[in-house]
Every structure is written in C-alpha cells, then in structure tokens.
Amino acid sequence: MFPSAPVASSARVLSFEEARHLVERHAADVFPGETETLDLLAGLGRVLAEGILADRDFPPFARATRDGYAVRTSDLLEVPARLEVVGEVKAGEWPEPGTCSVDRGQAVGIMTGAPLPAGADAVVMVEHTSLADRSVDVQRSVKAGENFVPRGAEARAGQPLLDRGQRLDHAGIAIAASAGKNWVQVFRRPRVAVLSTGDELVEIDAAPGPAQIRNSNSYSLAAQVHNAGGEAVRLEIAPDDRGRLRALIEEALNYDLLLLTGGVSMGKYDLVEQVLAELKAKFYFTGAEIQPGRPVVFGSCGAAMATSAQGGSAVGTRAEAPPRQRKYFFGLPGNPVSTMVTFALFARPMIEALAGQTPQQLVFLRARLKSEIRTKTGLKRFLPATLAGEFENAEVELARWQGSGDVAALARSNCYVVIPPDREQVDSGEWVSLLMR
C-alpha cells in the first residue's frame, strides 16, 4: 500500500457555480503564447492577435437593399403618384450625376446592392409599383432613408471590425475578406498535455486483457481540446506506479496546460493528487458538487519558496507563483462521461484563455421536458439528453444511460439536462435548463 502524501490545506469541494467562477478568475490572468501569420482561410477557428480595421467606409456608398426605384420622398406625399423613369443603376455600376440622378418628379430603377443615385432619399420596392412606358406608378409612399443603407453605417474607415482576442468563425472570415485581409495574425494554439492514468488502460490498437479497457479518454479529450482552440499532445499511459507517474507529470508540466484523467478519487491506487502534492502543487479545489464528475481537481504548479528579509534565506512557507509562471492542471475523473462533462464545465475556459480568447460564459438554454425525471438532491446534475422536435415545438428527453461510464448513451445525445441540487423530481412539461454539447 502506498503512503498518502498530504494534499494542500486549501483543497476543498465547491459548488458548481463557485468552481466555475474560480476557474474563470484564474483564466483571466493567463497569457496567450506566441503569434503567427496565416492565410485567411487557415485562420478559421483561430484567435486574432490583432484587430482588423475597416480599410474604407462600410458600406462604401449608400447601398440599396431592395430592387425597385430610387425616389425623392417629397414626390410621394400623396399616392398613387406617377414619376418619370430617367435611368437605371445595377450593382457594380456607379450612377454618374447628370446622367443618372433623381430630380423632382423623377425615379431611377435600382437593383439590390447598387449605389443610390444623387438626389434620391429612399427606394420604393418594385412590388409597390407598376411600369407604364417611360413612367412608373407608385402605389405606396416611403420614408426618407427607407430600403437603403447609408454610407459608413456599418463602420467608418479606420474603425474596428474584429477585435483582438476574437475567434475567427465564418462570419469573421467574411468580414476580414471584405477588408482585404488575405493574411491574419493569430495566437499560437496552446499545447495541452493529455495524460491518462491507470493499470487498467491499454492503447486502442492493443488487445485488452480480461480486466482492461482501451484508452478512449485521451482521444475524446484531444478532440475537445482541438474544438476549444488548443493542440493536444497525448502522452503515454501512466501506470499505477508513483515514480513513473511523477516522471510523466513532470514531463507534462512543460506544456501550456495539463489534463489528467483517472486517479483523482479516493481509492488505494489513486495517486494523482499525492504526486501533485509532492510537486508542491497548489490545489484550488478537489471536487465540485456535480454529477457526473464530482472528484474533479483544479490547481497549478510553480509555487516558489518565500524569502525572508533576514539575509535572503528561504523559509518554510510557499508563495504562489505569479500567473506567468503557473502551470495549471485539471484532474478529471476517469469515467468517460465524467471526463467529457468536467472538461466542458471547467477545462475549456482555461484553454480558450491560453489561446488568446476571452473565455466564453456558459449559456443554458430552456426547453420543455418530455418525460418525468426522478433523482437525488445534493448535487447539480448534468445528465445526457436529446433535444428533438421541429421549430418552436422542441422537447428534451433524458437519455437511457447506465451511469458515467456509458459513453455510447452520450454519443447518442446532443445536450445535457441540468437539474438543480434541490430537485428530486421534475415533471413532464416543465421547463428545464439545457447545456448543448
């Protein structure tokens, strides 16, 4: 039997909200790594290391938003009204004053996206008109400014379009392209060490023994790390051997963040917390009042010995390292669903921060419950479920699952139903909170 190393006195079990907010506060202090310049499309999903400014007014001219006729609203104080059609302008053409402008009693045909000709202050939609020879009969009046976007209404030249720290999605790519940015400066993806522990694990290409399982957690975590903006580095499986586990953890602490799975419970061979304590880790919490995933651990290494004022000698108290010197770690439970849930709830915001992004707050949606749920009080529960239905008639139903090891049930689900810790029964038809996955 292994003797237990003492875990830091600050270790504690927190409510879900306390644990999440504590991670967010630490994430606010971390610093992203180096930057690199990428082709615009290669920057998809990456975090901007520089803001993108408008290189000209957006839009660069007053832009029609409807097919119809550019008019002077003073000519339409009474309708129906007949106006002389003196020209037409389509997208990509510039209406030259004098040859395609609107004077009193006149109209110019205009297409969506075309520049508004001089003299016009609104666009009448074509469906509210009828053409008669070289004139147009307008059946409905319009207000000044209707059916066009003024020049510079979206942004003026030099104003920010995308901020530093914003992740580039398809809309951001479109904005950058509109500003002529074929290259973008982004933060390097943080390198996240993924370390699975336990003698029961074998690699996925190995034949497991009668009491062994394949190391699926490192693959699910690598996928979640990628989606959060990081680059996963899968280390070899750590056995239930303190010396080898310590060597692998020390190796893993060379990366930007460490994710450990397994070995964080109270079992005889659960050694992770013991080894981290030996490495003078600071534990911010050693559990969260949730299910699945209660034994989740969050902490950092890099504690420094405090120095006394007398002669500069080291004394026996440890001061926490400044944010730039800390290496954060999460100890995630080994059951696959627990691993995935605790990553989403706690590890993801830290990876987002290391990638240069402001960590995204959790947003719970609401839907009606299809079937009754009975559970125990005391823990906030994140239970695999399926949101289904059409349009406004969506309902959510709890998945049939066999506990936190049933990853197949989670794969068939698309969300988690969130049950407050004080509820032991939720009736069908009630509105419940959801976390999409």
# chains A, B, ... in the order shown; residues from 1 in each chain; ligands from 1
call {"tool": "select_by_dssp", "arguments": {"residues": "range 10-101 of chain A", "states": "strand (DSSP E or B)", "output": "ChimeraX atom specification"}}
result
/A:13-14,35-39,47-48,52-53,58,63-64,68-71,81-89
call {"tool": "select_by_dssp", "arguments": {"residues": "range 111-242 of chain A", "states": "helix (DSSP H, G or I)", "output": "list in words"}}
result
Val126, Glu127, His128, His170, Ala171, Gly172, Ile173, Ala174, Ile175, Ala176, Ala177, Ser178, Ser216, Asn217, Ser218, Tyr219, Ser220, Leu221, Ala222, Ala223, Gln224, Val225, His226, Asn227, Ala228 and Arg242 of chain A
call {"tool": "write_last_selection", "arguments": {"atoms": "C-alpha atoms", "output": "mmCIF file, in the first residue's frame"}}
result
data_model
loop_
_atom_site.group_PDB
_atom_site.id
_atom_site.type_symbol
_atom_site.label_atom_id
_atom_site.label_comp_id
_atom_site.auth_asym_id
_atom_site.auth_seq_id
_atom_site.Cartn_x
_atom_site.Cartn_y
_atom_site.Cartn_z
ATOM 1 C CA VAL A 126 -40.682 47.134 -57.112
ATOM 2 C CA GLU A 127 -43.755 45.202 -55.903
ATOM 3 C CA HIS A 128 -45.337 48.517 -54.902
ATOM 4 C CA HIS A 170 -17.253 32.012 -40.936
ATOM 5 C CA ALA A 171 -18.709 35.498 -40.322
ATOM 6 C CA GLY A 172 -15.321 36.792 -39.162
ATOM 7 C CA ILE A 173 -13.695 35.329 -42.270
ATOM 8 C CA ALA A 174 -16.204 37.214 -44.409
ATOM 9 C CA ILE A 175 -15.517 40.487 -42.563
ATOM 10 C CA ALA A 176 -11.753 40.076 -42.873
ATOM 11 C CA ALA A 177 -12.114 39.324 -46.581
ATOM 12 C CA SER A 178 -14.282 42.421 -47.011
ATOM 13 C CA SER A 216 -10.619 6.250 -25.192
ATOM 14 C CA ASN A 217 -10.445 9.230 -22.837
ATOM 15 C CA SER A 218 -7.239 10.592 -24.326
ATOM 16 C CA TYR A 219 -8.907 10.636 -27.754
ATOM 17 C CA SER A 220 -12.111 12.310 -26.580
ATOM 18 C CA LEU A 221 -10.069 14.889 -24.702
ATOM 19 C CA ALA A 222 -7.837 15.515 -27.728
ATOM 20 C CA ALA A 223 -10.974 16.214 -29.772
ATOM 21 C CA GLN A 224 -12.382 18.548 -27.116
ATOM 22 C CA VAL A 225 -9.029 20.343 -26.813
ATOM 23 C CA HIS A 226 -8.994 20.932 -30.579
ATOM 24 C CA ASN A 227 -12.544 22.300 -30.550
ATOM 25 C CA ALA A 228 -11.606 24.652 -27.706
ATOM 26 C CA ARG A 242 4.289 6.636 -8.188
#
call {"tool": "atom_distance", "arguments": {"atom1": "CA of Glu424 in chain A", "atom2": "CA of Lys370 in chain A"}}
result
16.5 Å
call {"tool": "residues_around", "arguments": {"residues": "Gly429 in chain A", "least_positions_apart": "6", "cutoff": "10 Å", "atoms": "only C-alpha atoms", "output": "list in words"}}
result
Ala367, Arg368, Leu369, Lys370, Ser371, Glu372, Glu395 and Val396 of chain A
call {"tool": "closest_residue", "arguments": {"among": "A:Pro349, A:Arg294, A:Glu289, A:Arg400", "to": "Phe16 in chain A", "atoms": "only C-alpha atoms"}}
result
A:Glu289
call {"tool": "residues_around", "arguments": {"residues": "range 48-55 of chain A", "least_positions_apart": "5", "cutoff": "9 Å", "atoms": "only C-alpha atoms", "output": "list in words"}}
result
Thr35, Glu36, Gly43, Ala155, Arg156, Ala157, Gly158, Gln159, Pro160, Leu161, Leu162, Asp163, Arg164, Gly165, Gln166, Arg167, Leu168, Ile175, Ala176, Ser178, Ala179, Gly180, Lys181, Val184, Gln185, Val186, Phe187, Gly356 and Gln357 of chain A
call {"tool": "write_last_selection", "arguments": {"atoms": "N, CA and C atoms", "output": "PDB file, in the first residue's frame"}}
result
ATOM      1  N   THR A  35       2.631  34.468 -31.526  1.00  0.00           N
ATOM      2  CA  THR A  35       1.716  34.697 -32.630  1.00  0.00           C
ATOM      3  C   THR A  35       2.311  34.154 -33.924  1.00  0.00           C
ATOM      4  N   GLU A  36       1.452  33.976 -34.904  1.00  0.00           N
ATOM      5  CA  GLU A  36       1.897  33.558 -36.228  1.00  0.00           C
ATOM      6  C   GLU A  36       0.961  34.171 -37.264  1.00  0.00           C
ATOM      7  N   GLY A  43      -6.797  30.597 -40.992  1.00  0.00           N
ATOM      8  CA  GLY A  43      -7.077  31.196 -39.694  1.00  0.00           C
ATOM      9  C   GLY A  43      -8.442  30.836 -39.130  1.00  0.00           C
ATOM     10  N   ALA A 155     -19.549  50.746 -40.540  1.00  0.00           N
ATOM     11  CA  ALA A 155     -18.262  51.153 -39.951  1.00  0.00           C
ATOM     12  C   ALA A 155     -17.647  52.239 -40.818  1.00  0.00           C
ATOM     13  N   ARG A 156     -16.951  53.159 -40.156  1.00  0.00           N
ATOM     14  CA  ARG A 156     -16.196  54.172 -40.869  1.00  0.00           C
ATOM     15  C   ARG A 156     -14.761  53.682 -41.076  1.00  0.00           C
ATOM     16  N   ALA A 157     -14.109  54.195 -42.082  1.00  0.00           N
ATOM     17  CA  ALA A 157     -12.722  53.813 -42.357  1.00  0.00           C
ATOM     18  C   ALA A 157     -11.885  54.000 -41.098  1.00  0.00           C
ATOM     19  N   GLY A 158     -11.106  52.963 -40.752  1.00  0.00           N
ATOM     20  CA  GLY A 158     -10.259  53.012 -39.573  1.00  0.00           C
ATOM     21  C   GLY A 158     -10.898  52.483 -38.309  1.00  0.00           C
ATOM     22  N   GLN A 159     -12.207  52.272 -38.324  1.00  0.00           N
ATOM     23  CA  GLN A 159     -12.874  51.728 -37.141  1.00  0.00           C
ATOM     24  C   GLN A 159     -12.683  50.207 -37.072  1.00  0.00           C
ATOM     25  N   PRO A 160     -12.695  49.622 -35.847  1.00  0.00           N
ATOM     26  CA  PRO A 160     -12.512  48.175 -35.724  1.00  0.00           C
ATOM     27  C   PRO A 160     -13.702  47.393 -36.243  1.00  0.00           C
ATOM     28  N   LEU A 161     -13.397  46.343 -37.003  1.00  0.00           N
ATOM     29  CA  LEU A 161     -14.423  45.397 -37.460  1.00  0.00           C
ATOM     30  C   LEU A 161     -14.386  44.121 -36.616  1.00  0.00           C
ATOM     31  N   LEU A 162     -13.173  43.660 -36.292  1.00  0.00           N
ATOM     32  CA  LEU A 162     -12.982  42.492 -35.425  1.00  0.00           C
ATOM     33  C   LEU A 162     -11.934  42.854 -34.383  1.00  0.00           C
ATOM     34  N   ASP A 163     -12.135  42.407 -33.154  1.00  0.00           N
ATOM     35  CA  ASP A 163     -11.240  42.764 -32.065  1.00  0.00           C
ATOM     36  C   ASP A 163     -10.162  41.704 -31.851  1.00  0.00           C
ATOM     37  N   ARG A 164      -9.036  42.144 -31.339  1.00  0.00           N
ATOM     38  CA  ARG A 164      -8.021  41.213 -30.847  1.00  0.00           C
ATOM     39  C   ARG A 164      -8.663  40.305 -29.795  1.00  0.00           C
ATOM     40  N   GLY A 165      -8.351  39.008 -29.877  1.00  0.00           N
ATOM     41  CA  GLY A 165      -8.945  38.064 -28.942  1.00  0.00           C
ATOM     42  C   GLY A 165     -10.242  37.447 -29.428  1.00  0.00           C
ATOM     43  N   GLN A 166     -10.681  37.815 -30.618  1.00  0.00           N
ATOM     44  CA  GLN A 166     -11.913  37.249 -31.177  1.00  0.00           C
ATOM     45  C   GLN A 166     -11.574  36.033 -32.027  1.00  0.00           C
ATOM     46  N   ARG A 167     -12.344  34.978 -31.845  1.00  0.00           N
ATOM     47  CA  ARG A 167     -12.115  33.766 -32.634  1.00  0.00           C
ATOM     48  C   ARG A 167     -12.738  33.938 -34.011  1.00  0.00           C
ATOM     49  N   LEU A 168     -12.002  33.540 -35.032  1.00  0.00           N
ATOM     50  CA  LEU A 168     -12.465  33.704 -36.411  1.00  0.00           C
ATOM     51  C   LEU A 168     -13.426  32.566 -36.767  1.00  0.00           C
ATOM     52  N   ILE A 175     -15.848  39.095 -42.887  1.00  0.00           N
ATOM     53  CA  ILE A 175     -15.517  40.487 -42.563  1.00  0.00           C
ATOM     54  C   ILE A 175     -14.067  40.786 -42.924  1.00  0.00           C
ATOM     55  N   ALA A 176     -13.164  39.866 -42.551  1.00  0.00           N
ATOM     56  CA  ALA A 176     -11.753  40.076 -42.873  1.00  0.00           C
ATOM     57  C   ALA A 176     -11.547  40.156 -44.387  1.00  0.00           C
ATOM     58  N   SER A 178     -13.722  41.149 -46.549  1.00  0.00           N
ATOM     59  CA  SER A 178     -14.282  42.421 -47.011  1.00  0.00           C
ATOM     60  C   SER A 178     -13.308  43.569 -46.807  1.00  0.00           C
ATOM     61  N   ALA A 179     -12.453  43.439 -45.781  1.00  0.00           N
ATOM     62  CA  ALA A 179     -11.465  44.486 -45.509  1.00  0.00           C
ATOM     63  C   ALA A 179     -10.142  44.237 -46.234  1.00  0.00           C
ATOM     64  N   GLY A 180     -10.112  43.227 -47.104  1.00  0.00           N
ATOM     65  CA  GLY A 180      -8.916  42.963 -47.900  1.00  0.00           C
ATOM     66  C   GLY A 180      -7.805  42.249 -47.154  1.00  0.00           C
ATOM     67  N   LYS A 181      -8.144  41.549 -46.059  1.00  0.00           N
ATOM     68  CA  LYS A 181      -7.124  40.865 -45.254  1.00  0.00           C
ATOM     69  C   LYS A 181      -6.968  39.433 -45.751  1.00  0.00           C
ATOM     70  N   VAL A 184      -3.797  36.912 -41.795  1.00  0.00           N
ATOM     71  CA  VAL A 184      -4.219  37.340 -40.463  1.00  0.00           C
ATOM     72  C   VAL A 184      -3.177  36.898 -39.430  1.00  0.00           C
ATOM     73  N   GLN A 185      -2.998  37.728 -38.413  1.00  0.00           N
ATOM     74  CA  GLN A 185      -2.094  37.387 -37.317  1.00  0.00           C
ATOM     75  C   GLN A 185      -2.918  36.783 -36.189  1.00  0.00           C
ATOM     76  N   VAL A 186      -2.557  35.575 -35.782  1.00  0.00           N
ATOM     77  CA  VAL A 186      -3.324  34.844 -34.774  1.00  0.00           C
ATOM     78  C   VAL A 186      -2.382  34.338 -33.688  1.00  0.00           C
ATOM     79  N   PHE A 187      -2.964  33.965 -32.549  1.00  0.00           N
ATOM     80  CA  PHE A 187      -2.179  33.361 -31.477  1.00  0.00           C
ATOM     81  C   PHE A 187      -1.915  31.895 -31.785  1.00  0.00           C
ATOM     82  N   GLY A 356      -5.827  32.849 -26.325  1.00  0.00           N
ATOM     83  CA  GLY A 356      -5.947  34.273 -26.596  1.00  0.00           C
ATOM     84  C   GLY A 356      -7.357  34.802 -26.594  1.00  0.00           C
ATOM     85  N   GLN A 357      -8.320  33.942 -26.325  1.00  0.00           N
ATOM     86  CA  GLN A 357      -9.725  34.324 -26.387  1.00  0.00           C
ATOM     87  C   GLN A 357     -10.258  34.610 -24.988  1.00  0.00           C
TER      88      GLN A 357
END
call {"tool": "closest_residue", "arguments": {"among": "A:Phe148, A:Trp431, A:Trp94, A:Phe343", "to": "Arg66 in chain A", "atoms": "only C-alpha atoms"}}
result
A:Phe148
call {"tool": "closest_residue", "arguments": {"among": "A:Gly243, A:Pro208, A:Pro32, A:Pro292", "to": "Glu278 in chain A", "atoms": "only C-alpha atoms"}}
result
A:Gly243
